[in-house]
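Have a look at my_file_1.txt below; it lists compact mmCIF, C-alpha atoms and all ligand atoms.
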# COMPACT_ATOMS: atom_id res chain seq x y z
CA MET A 1 149.08 137.78 76.39
CA HIS A 2 146.64 136.65 73.71
CA VAL A 3 142.92 137.37 73.55
CA LYS A 4 140.22 135.73 71.50
CA GLY A 5 136.50 136.52 71.24
CA LEU A 6 133.55 134.16 70.90
CA GLN A 7 129.78 134.63 70.56
CA VAL A 8 127.87 132.85 73.36
CA LEU A 9 124.39 133.34 74.91
CA ASP A 10 123.15 135.37 77.87
CA SER A 11 120.36 134.46 80.30
CA ARG A 12 117.66 135.96 78.07
CA GLY A 13 118.83 133.89 75.11
CA ASN A 14 120.50 136.85 73.42
CA PRO A 15 123.96 136.51 71.90
CA THR A 16 126.74 138.09 73.95
CA VAL A 17 130.52 138.38 73.86
CA GLU A 18 132.94 136.07 75.63
CA ALA A 19 136.65 136.85 75.76
CA LEU A 20 139.39 134.34 76.50
CA VAL A 21 142.79 135.60 77.58
CA ILE A 22 145.86 133.35 77.78
CA THR A 23 149.09 134.64 79.28
CA GLU A 24 152.72 133.72 78.68
CA GLY A 25 152.88 132.72 82.33
CA GLY A 26 150.36 129.95 81.67
CA GLY A 27 147.33 131.67 83.16
CA TYR A 28 143.94 132.07 81.59
CA GLY A 29 140.82 134.17 82.13
CA ARG A 30 137.42 134.00 80.54
CA ALA A 31 134.72 136.66 80.90
CA ILE A 32 131.24 137.20 79.44
CA ALA A 33 129.64 140.60 78.81
CA PRO A 34 126.27 141.11 80.57
CA ALA A 35 123.45 143.19 79.02
CA GLY A 36 120.94 145.65 80.44
CA ALA A 37 117.26 146.21 79.63
CA SER A 38 116.84 149.35 81.68
CA LYS A 39 119.77 151.45 80.55
CA GLY A 40 121.00 154.95 81.24
CA LYS A 41 121.35 157.18 78.18
CA LEU A 42 125.06 157.71 78.74
CA GLU A 43 126.04 154.06 78.95
CA ALA A 44 128.73 152.50 76.76
CA VAL A 45 126.92 151.04 73.77
CA ASP A 46 126.96 147.39 72.78
CA LEU A 47 127.79 146.56 69.20
CA ARG A 48 125.01 144.40 67.65
CA ASP A 49 124.94 143.02 64.13
CA GLY A 50 121.42 143.99 63.09
CA GLY A 51 119.93 142.05 60.19
CA LYS A 52 117.81 138.91 60.39
CA ALA A 53 119.83 136.41 62.39
CA TYR A 54 119.07 136.44 66.13
CA GLY A 55 116.59 139.25 65.48
CA GLY A 56 119.51 141.62 64.93
CA MET A 57 121.02 140.85 68.36
CA GLY A 58 124.08 138.94 67.10
CA VAL A 59 127.50 140.13 68.28
CA SER A 60 129.80 138.86 65.54
CA LYS A 61 130.97 142.43 64.87
CA ALA A 62 131.92 142.83 68.53
CA VAL A 63 133.73 139.49 68.44
CA GLU A 64 135.56 140.79 65.39
CA SER A 65 136.50 143.92 67.36
CA ILE A 66 138.34 141.68 69.79
CA ASN A 67 140.00 139.44 67.21
CA LYS A 68 140.88 142.10 64.67
CA TYR A 69 141.52 145.29 66.65
CA ILE A 70 141.99 144.58 70.36
CA ALA A 71 144.08 141.40 70.03
CA PRO A 72 146.91 142.92 67.95
CA ALA A 73 146.89 146.10 70.06
CA ILE A 74 147.44 144.30 73.36
CA LEU A 75 149.54 141.40 72.05
CA GLY A 76 152.63 141.01 74.18
CA MET A 77 151.38 143.24 77.00
CA ASP A 78 151.48 141.84 80.52
CA SER A 79 148.06 141.02 82.04
CA SER A 80 149.21 142.32 85.44
CA ASP A 81 149.45 145.75 83.76
CA PHE A 82 145.68 145.58 83.31
CA ARG A 83 145.31 149.35 83.70
CA GLU A 84 147.66 149.83 80.72
CA VAL A 85 145.67 147.26 78.78
CA ASP A 86 142.44 149.15 79.49
CA ARG A 87 144.09 152.42 78.43
CA LYS A 88 145.04 150.74 75.17
CA ILE A 89 141.46 149.49 74.61
CA ILE A 90 140.14 153.01 75.25
CA GLU A 91 142.70 154.42 72.82
CA VAL A 92 141.91 151.92 70.05
CA ASP A 93 138.18 152.58 70.49
CA GLY A 94 138.64 156.34 70.52
CA THR A 95 134.95 157.21 71.12
CA PRO A 96 133.33 158.61 74.29
CA ASN A 97 130.91 155.65 74.54
CA LYS A 98 132.88 152.65 73.18
CA SER A 99 130.73 152.69 70.06
CA ARG A 100 133.54 151.75 67.68
CA LEU A 101 134.69 148.51 69.30
CA GLY A 102 131.47 147.97 71.27
CA GLY A 103 131.15 148.18 75.05
CA ASN A 104 130.40 144.44 75.00
CA ALA A 105 133.76 143.68 73.35
CA CYS A 106 135.63 146.05 75.70
CA VAL A 107 134.08 144.78 78.94
CA ALA A 108 134.55 141.09 78.12
CA THR A 109 138.21 141.67 77.25
CA SER A 110 138.91 143.93 80.22
CA LEU A 111 137.43 141.46 82.73
CA ALA A 112 139.11 138.46 81.10
CA VAL A 113 142.46 140.27 81.48
CA ILE A 114 142.14 140.75 85.26
CA LYS A 115 141.02 137.14 85.64
CA ALA A 116 144.00 135.93 83.60
CA ALA A 117 146.32 138.12 85.68
CA ALA A 118 144.99 136.61 88.93
CA ASP A 119 145.26 133.11 87.49
CA THR A 120 148.85 133.76 86.39
CA ALA A 121 149.66 134.97 89.92
CA GLY A 122 147.98 131.83 91.28
CA ILE A 123 145.62 133.66 93.63
CA PRO A 124 141.84 134.29 93.65
CA LEU A 125 140.75 137.43 91.77
CA PHE A 126 139.46 139.18 94.91
CA GLU A 127 142.87 138.80 96.51
CA PHE A 128 144.71 139.86 93.35
CA LEU A 129 142.69 143.10 93.28
CA GLY A 130 142.19 143.72 96.99
CA GLY A 131 145.25 142.22 98.63
CA ARG A 132 145.38 140.02 101.74
CA ARG A 133 143.28 142.42 103.80
CA ALA A 134 140.17 142.06 101.62
CA ARG A 135 137.75 139.93 103.62
CA THR A 136 134.34 141.64 103.84
CA LEU A 137 131.43 139.72 102.33
CA PRO A 138 128.59 141.96 101.08
CA VAL A 139 125.00 142.36 102.15
CA PRO A 140 122.97 141.04 99.20
CA LEU A 141 120.15 143.21 97.86
CA MET A 142 117.91 140.50 96.43
CA ASN A 143 115.32 141.44 93.85
CA VAL A 144 112.45 139.06 94.61
CA ILE A 145 109.50 140.92 93.07
CA ASN A 146 110.09 142.13 89.51
CA GLY A 147 108.13 144.93 87.86
CA GLY A 148 108.80 147.73 85.39
CA ALA A 149 110.91 146.79 82.37
CA HIS A 150 111.75 143.36 83.85
CA ALA A 151 108.25 141.87 84.01
CA GLY A 152 104.92 141.78 82.23
CA ASN A 153 102.88 143.07 85.18
CA LYS A 154 101.64 146.57 86.06
CA LEU A 155 104.04 147.42 88.88
CA SER A 156 105.64 150.80 88.16
CA ILE A 157 108.66 150.15 90.39
CA GLN A 158 111.16 147.83 88.73
CA GLU A 159 112.69 145.99 91.70
CA PHE A 160 111.53 145.09 95.20
CA MET A 161 114.43 143.73 97.21
CA ILE A 162 114.86 141.84 100.46
CA VAL A 163 118.00 142.72 102.39
CA PRO A 164 119.07 140.10 104.96
CA ALA A 165 121.49 142.49 106.68
CA GLY A 166 120.70 141.29 110.21
CA ALA A 167 122.44 137.94 109.60
CA ASP A 168 125.70 137.10 111.38
CA MET A 169 127.54 136.00 108.28
CA PHE A 170 127.08 135.86 104.51
CA SER A 171 126.03 132.20 104.37
CA ASP A 172 123.46 132.94 107.07
CA ALA A 173 122.15 135.86 104.99
CA ILE A 174 121.73 133.48 102.03
CA ARG A 175 119.77 131.01 104.19
CA ILE A 176 117.45 133.71 105.51
CA ALA A 177 116.91 135.09 102.01
CA VAL A 178 116.07 131.66 100.60
CA GLU A 179 113.60 131.03 103.43
CA VAL A 180 111.88 134.36 102.72
CA TYR A 181 111.93 133.72 98.95
CA LYS A 182 110.19 130.36 99.48
CA SER A 183 107.69 131.85 101.87
CA LEU A 184 106.99 134.64 99.34
CA LYS A 185 106.39 131.99 96.70
CA SER A 186 103.78 130.17 98.75
CA TYR A 187 102.14 133.42 99.85
CA LEU A 188 101.85 134.74 96.27
CA LYS A 189 100.47 131.43 95.04
CA GLU A 190 97.89 131.28 97.81
CA ARG A 191 96.83 134.92 97.42
CA TYR A 192 97.06 135.50 93.65
CA GLY A 193 96.98 132.03 92.05
CA PRO A 194 99.58 129.76 90.44
CA SER A 195 100.59 132.17 87.66
CA ALA A 196 101.78 134.65 90.32
CA ILE A 197 104.93 132.60 90.85
CA ASN A 198 106.23 132.95 87.31
CA VAL A 199 109.61 134.63 87.46
CA GLY A 200 111.01 137.73 85.77
CA ASP A 201 114.45 138.36 84.25
CA GLU A 202 116.31 138.50 87.57
CA GLY A 203 114.72 135.45 89.16
CA GLY A 204 112.20 137.37 91.25
CA PHE A 205 108.50 136.66 91.00
CA ALA A 206 106.43 138.72 88.58
CA PRO A 207 102.98 138.56 90.21
CA PRO A 208 99.96 140.39 88.77
CA LEU A 209 100.18 143.18 91.35
CA GLU A 210 99.46 146.80 90.51
CA LEU A 211 100.47 148.95 93.44
CA THR A 212 103.79 149.57 95.12
CA ARG A 213 102.24 148.95 98.54
CA ASP A 214 100.87 145.55 97.35
CA ALA A 215 104.43 144.45 96.64
CA LEU A 216 105.84 145.86 99.90
CA ASN A 217 102.99 144.21 101.85
CA ALA A 218 103.71 140.88 100.17
CA LEU A 219 107.39 141.15 101.18
CA SER A 220 106.53 142.04 104.78
CA GLU A 221 104.08 139.12 104.99
CA ALA A 222 106.61 136.70 103.49
CA ILE A 223 109.25 137.81 106.02
CA ARG A 224 106.83 137.26 108.91
CA ARG A 225 105.68 133.86 107.61
CA ALA A 226 109.33 132.77 107.38
CA GLY A 227 109.62 133.51 111.10
CA TYR A 228 111.47 136.84 110.89
CA THR A 229 110.63 140.43 111.71
CA PRO A 230 110.67 143.03 108.94
CA GLY A 231 113.24 145.63 109.96
CA ASN A 232 115.13 143.24 112.20
CA GLU A 233 116.81 140.38 110.31
CA VAL A 234 115.45 141.46 106.94
CA LEU A 235 115.27 145.01 105.61
CA LEU A 236 113.81 146.22 102.30
CA ALA A 237 115.08 148.17 99.29
CA MET A 238 113.67 149.33 95.95
CA ASP A 239 115.04 150.23 92.54
CA ALA A 240 112.34 152.48 91.12
CA ALA A 241 114.18 152.84 87.77
CA ALA A 242 112.02 155.96 87.55
CA SER A 243 113.20 156.96 84.08
CA HIS A 244 110.65 154.38 82.87
CA PHE A 245 107.64 156.03 84.45
CA TYR A 246 108.77 159.61 83.94
CA ARG A 247 106.47 161.50 81.57
CA GLY A 248 108.57 164.68 81.28
CA ASN A 249 107.99 168.06 82.91
CA GLN A 250 108.58 166.85 86.48
CA THR A 251 105.68 164.42 86.15
CA TYR A 252 105.64 160.71 86.96
CA GLU A 253 103.00 158.09 86.35
CA ILE A 254 103.14 155.66 89.25
CA ASP A 255 100.51 153.30 90.66
CA GLY A 256 97.99 154.57 88.11
CA LYS A 257 98.39 158.19 89.27
CA LYS A 258 100.16 161.26 87.93
CA LEU A 259 102.50 162.73 90.54
CA SER A 260 104.76 165.76 90.35
CA SER A 261 108.38 165.35 91.48
CA ALA A 262 107.44 167.08 94.75
CA GLU A 263 104.51 164.71 95.30
CA LEU A 264 106.73 161.75 94.53
CA ILE A 265 109.15 162.91 97.25
CA ASP A 266 106.27 162.83 99.74
CA TYR A 267 105.14 159.45 98.45
CA TYR A 268 108.59 157.92 99.03
CA ALA A 269 108.79 159.55 102.46
CA ALA A 270 105.46 157.95 103.40
CA LEU A 271 106.67 154.52 102.21
CA VAL A 272 109.89 154.88 104.20
CA ASP A 273 107.77 155.59 107.30
CA GLU A 274 105.54 152.55 106.71
CA TYR A 275 108.12 149.94 105.69
CA PRO A 276 111.70 149.13 106.75
CA LEU A 277 113.20 150.52 103.54
CA VAL A 278 116.91 151.26 103.84
CA LEU A 279 117.91 151.94 100.23
CA LEU A 280 116.23 153.64 97.27
CA GLU A 281 117.80 153.41 93.82
CA ASP A 282 116.90 155.76 90.96
CA PRO A 283 113.86 157.26 92.72
CA PHE A 284 113.73 159.92 89.96
CA ALA A 285 114.48 159.94 86.25
CA GLU A 286 117.93 160.68 84.88
CA ASP A 287 116.39 163.72 83.14
CA ASP A 288 115.05 165.01 86.48
CA PRO A 289 118.00 164.91 88.91
CA GLU A 290 117.11 167.89 91.14
CA PRO A 291 114.61 166.04 93.39
CA PHE A 292 117.29 163.49 94.35
CA LYS A 293 118.80 166.22 96.48
CA GLU A 294 115.64 167.09 98.32
CA LEU A 295 114.68 163.47 98.94
CA ARG A 296 118.17 162.71 100.26
CA ALA A 297 118.01 165.64 102.66
CA LYS A 298 114.48 164.78 103.78
CA LEU A 299 115.24 161.11 104.47
CA ALA A 300 118.67 161.62 106.03
CA GLY A 301 119.40 158.94 108.61
CA LYS A 302 116.59 156.69 107.38
CA VAL A 303 117.47 155.57 103.90
CA ILE A 304 120.40 155.81 101.50
CA ILE A 305 119.84 157.12 97.97
CA ILE A 306 121.69 155.34 95.18
CA GLY A 307 122.11 156.51 91.57
CA ASP A 308 122.22 154.11 88.64
CA ASP A 309 121.00 155.72 85.38
CA ILE A 310 122.31 159.16 86.39
CA ILE A 311 125.84 157.88 87.13
CA VAL A 312 126.29 154.97 84.68
CA THR A 313 129.43 154.03 86.66
CA ARG A 314 131.26 157.15 85.44
CA ARG A 315 133.67 158.81 87.83
CA ASP A 316 132.86 162.34 86.60
CA LEU A 317 129.11 161.83 87.16
CA ALA A 318 129.70 160.11 90.52
CA GLU A 319 131.71 163.15 91.61
CA LYS A 320 129.13 165.62 90.36
CA TYR A 321 126.18 163.97 92.06
CA PHE A 322 127.90 162.72 95.22
CA ALA A 323 129.76 165.95 95.96
CA GLY A 324 126.58 167.87 95.09
CA GLY A 325 124.56 165.99 97.72
CA TYR A 326 122.21 164.20 95.32
CA ILE A 327 123.16 160.64 96.21
CA ASP A 328 124.82 158.58 98.93
CA GLY A 329 126.42 156.29 96.39
CA ALA A 330 126.12 154.58 93.05
CA ILE A 331 125.45 151.32 91.32
CA ILE A 332 128.60 149.93 89.69
CA LYS A 333 128.09 147.98 86.47
CA VAL A 334 131.39 147.56 84.65
CA ASN A 335 129.67 147.32 81.26
CA GLN A 336 128.11 150.77 81.73
CA VAL A 337 131.58 152.32 81.28
CA GLY A 338 133.18 149.48 79.35
CA THR A 339 136.47 148.79 81.14
CA PHE A 340 137.34 147.53 84.61
CA THR A 341 139.80 150.36 85.27
CA GLU A 342 137.14 153.03 84.71
CA ALA A 343 134.73 151.23 87.08
CA GLU A 344 137.51 150.79 89.65
CA ASP A 345 138.22 154.51 89.51
CA THR A 346 134.56 155.26 90.34
CA ILE A 347 134.54 152.71 93.19
CA ARG A 348 137.71 154.22 94.67
CA TYR A 349 136.37 157.75 94.40
CA LEU A 350 133.08 156.85 96.12
CA LEU A 351 134.58 154.78 98.94
CA GLY A 352 137.38 157.30 99.44
CA SER A 353 134.81 160.08 99.83
CA GLY A 354 132.62 158.21 102.30
CA GLY A 355 130.11 157.11 99.67
CA LYS A 356 128.62 153.71 98.80
CA ALA A 357 129.36 151.49 95.81
CA VAL A 358 126.81 148.79 95.06
CA ILE A 359 128.41 146.22 92.75
CA SER A 360 125.72 145.03 90.37
CA HIS A 361 124.76 142.45 87.77
CA ARG A 362 122.57 143.29 84.74
CA SER A 363 119.19 141.79 83.95
CA GLY A 364 120.89 139.91 81.09
CA GLU A 365 123.58 137.79 82.75
CA SER A 366 125.61 134.60 82.45
CA GLU A 367 127.60 132.13 84.53
CA ASP A 368 130.36 134.76 84.85
CA THR A 369 131.09 135.46 88.54
CA THR A 370 133.56 138.35 88.33
CA ILE A 371 131.34 140.74 90.32
CA ALA A 372 131.49 138.43 93.36
CA HIS A 373 135.26 138.99 93.43
CA ILE A 374 135.06 142.73 92.79
CA VAL A 375 132.70 143.33 95.71
CA VAL A 376 134.99 141.49 98.14
CA ALA A 377 138.19 143.02 96.70
CA TYR A 378 137.04 146.59 97.42
CA GLU A 379 134.96 145.61 100.47
CA THR A 380 132.09 147.80 99.31
CA GLY A 381 129.69 145.74 101.44
CA LEU A 382 126.79 145.81 98.96
CA ILE A 383 125.92 143.60 95.98
CA LYS A 384 122.87 143.41 93.73
CA THR A 385 122.67 140.14 91.88
CA GLY A 386 119.02 139.15 91.80
CA ALA A 387 116.89 136.55 93.51
CA PRO A 388 118.47 133.46 95.09
CA ALA A 389 117.21 131.48 92.07
CA ARG A 390 118.18 130.87 88.42
CA GLY A 391 121.70 129.76 87.60
CA GLU A 392 123.09 133.07 86.38
CA ARG A 393 122.06 134.69 89.72
CA THR A 394 123.03 131.82 92.04
CA ALA A 395 126.42 131.58 90.26
CA LYS A 396 127.38 134.86 91.97
CA TYR A 397 125.99 133.84 95.38
CA ASN A 398 127.72 130.47 95.11
CA GLU A 399 131.04 132.17 94.32
CA LEU A 400 130.59 134.40 97.39
CA LEU A 401 129.89 131.29 99.48
CA ARG A 402 133.16 129.82 98.16
CA ILE A 403 135.04 133.02 99.03
CA GLU A 404 133.54 132.98 102.54
CA ASP A 405 134.60 129.35 102.92
CA TYR A 406 138.12 130.14 101.62
CA LEU A 407 138.49 133.01 104.12
CA GLY A 408 137.21 130.83 106.97
CA SER A 409 137.26 132.60 110.33
CA GLU A 410 138.83 135.67 108.68
CA ALA A 411 135.59 136.40 106.78
CA ILE A 412 133.58 139.44 107.89
CA PHE A 413 129.94 140.17 106.97
CA ALA A 414 129.20 143.82 106.15
CA GLY A 415 125.87 143.75 108.07
CA LYS A 416 123.48 146.60 108.87
CA LYS A 417 126.13 149.24 109.49
CA VAL A 418 126.76 149.47 105.73
CA PHE A 419 123.53 151.48 105.52
CA LEU A 420 124.77 154.25 107.81
CA ARG A 421 125.61 157.43 105.98
P1 LIG A 501 119.24 146.45 83.64
O1 LIG A 501 118.74 147.26 84.91
O2 LIG A 501 118.00 145.77 83.09
O3 LIG A 501 119.67 147.57 82.70
O4 LIG A 501 120.33 145.53 84.00
C1 LIG A 501 118.92 146.88 86.20
C2 LIG A 501 118.85 148.13 87.06
O5 LIG A 501 118.17 149.12 86.68
O6 LIG A 501 119.48 148.17 88.11
ZN ZN A 502 118.84 150.32 88.53
Take the structure in the file and write it out as structure tokens.
Amino acid sequence: MHVKGLQVLDSRGNPTVEALVITEGGGYGRAIAPAGASKGKLEAVDLRDGGKAYGGMGVSKAVESINKYIAPAILGMDSSDFREVDRKIIEVDGTPNKSRLGGNACVATSLAVIKAAADTAGIPLFEFLGGRRARTLPVPLMNVINGGAHAGNKLSIQEFMIVPAGADMFSDAIRIAVEVYKSLKSYLKERYGPSAINVGDEGGFAPPLELTRDALNALSEAIRRAGYTPGNEVLLAMDAAASHFYRGNQTYEIDGKKLSSAELIDYYAALVDEYPLVLLEDPFAEDDPEPFKELRAKLAGKVIIIGDDIIVTRRDLAEKYFAGGYIDGAIIKVNQVGTFTEAEDTIRYLLGSGGKAVISHRSGESEDTTIAHIVVAYETGLIKTGAPARGERTAKYNELLRIEDYLGSEAIFAGKKVFLR
């Protein structure tokens, strides 16, 4: 097995790392590292060049990590032993947060290796990882109104998602979501003017709204105008990414108001009563984990609570917060931990313990579609990969449509039951 790195661009126009793996068996795999804008403190760190070129965002050092350090270390290893390969990458890096080689170098290599292994075996990646029984297509959590760190508006909450879980099959869920997305577009334009349909980093609209309820009302109206009933075919979800509006000392600044953690619990509870919300991600800051527990207990049976910044795809943190009753599951972003094997370990722990694993993109993405295969392989039933618009987002939906087509009548759609605790 040989690996080679290359600097390419992500969807925000920032340089990122691509790895190409070629195996002795004639297979190849190519993978591109994504990049976050709303990161947890304990994430694997990306290696960036600094300096003038690309505003310091270049990744030639990370590319060098692959060519100079990773390539010789894994030369001759078999791609089907991808767990061994990941162990080797972790060993060569030798830091707790991949800061020597760069998380971007590690994740691109690690994902290229599993893709090359599947290609060498002559089967799709989801089948290589999940076996012949893997056939469940996920419910997409589609971020159609962008706020927080992803947009230039005043919305405190980062992501407002439509969840077409009432569809019969995945392709039907895509159709419903597109119809609602289009209806949202015309509603926002009519109500807030033409600039309201500019889009944010994940393909969702970034309208000049200020209040959480304004965004939730817009979604409910768009669902109705598309001919559906909120809470029936289409449910709602939010990623508060609350670390961004946390002001320390159990105080949050949301919707122009200062709320204590306890008041924020009540605020979320009121929203869950008013709107068909089924999933809340990062409702509190990573530095304020205690209220997760109370919110989860209070909203039992109504909504599932998902951790992103507090878990950063780490198995030890997933165990701590899931077993402790803080969360119902976690967001899985392979680049938060840096290797596929570490992310897989977290997925297996969560699913094996009755928890949820939401396979997720980053706000900085590319044409890479690996996450579409991971979500089907482990049948987690939940994916977050943005609005049904912009190539780097639709690439994942299109790959899932191909997988559904490949599975034919064997394909299953996760549907609403995935939200049961
Ligand atoms: P990102 O955040 O910008 O770091 O990808 C997305 C998220 O918070 O889920
Ligand atoms: Zn998040």
Neighbourhood of ligand ZN 502 (chain A) at 10 Å, counting all atoms listed in the file, reported as a ChimeraX atom specification: /A:36-40,158-159,238-243,280-283,306-310,312,330-333,360-363,384
Which residue is closest to Ile123 (chain A)? Choose from A:His373, A:Ile157, A:Tyr275, A:Val180 and count all atoms listed in the file.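 Between A:His373, A:Ile157, A:Tyr275, A:Val180, the residue approaching Ile123 (chain A) most closely is A:His373.
Each of A:Gly147, A:Gly415, A:Pro124, A:Gly166 was compared to ligand LIG 501 (chain A) using only C-alpha atoms and all ligand atoms, and A:Gly147 turns out to be the nearest.
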Between CA of Pro140 (chain A) and CA of Ala206 (chain A), what is the distance, to one decimal in Å?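 Between CA of Pro140 (chain A) and CA of Ala206 (chain A) the gap works out to 19.8 Å.
Across the structure, CA of Tyr246 (chain A) and CA of Asn153 (chain A) are spaced 17.6 Å apart.
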Within 12 Å of Glu263 (chain A), counting only C-alpha atoms, which residues qualify if same-chain residues fewer than 3 places away don't, as a ChimeraX atom specification? /A:250-254,257-260,266-270,284,291,294-295
Just to confirm, what's the straight-line distance from CA of Tyr181 (chain A) to CA of Met161 (chain A) in Å (one decimal)?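 Between these atoms lies a distance of 10.5 Å.
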Looking at A:Ala237, A:Ile371, A:Leu141, A:Ala343, which one is nearest to Pro34 (chain A), with distances taken over all atoms listed in the file?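 Of A:Ala237, A:Ile371, A:Leu141, A:Ala343, the one nearest Pro34 (chain A) is A:Ile371, counting all atoms listed in the file.
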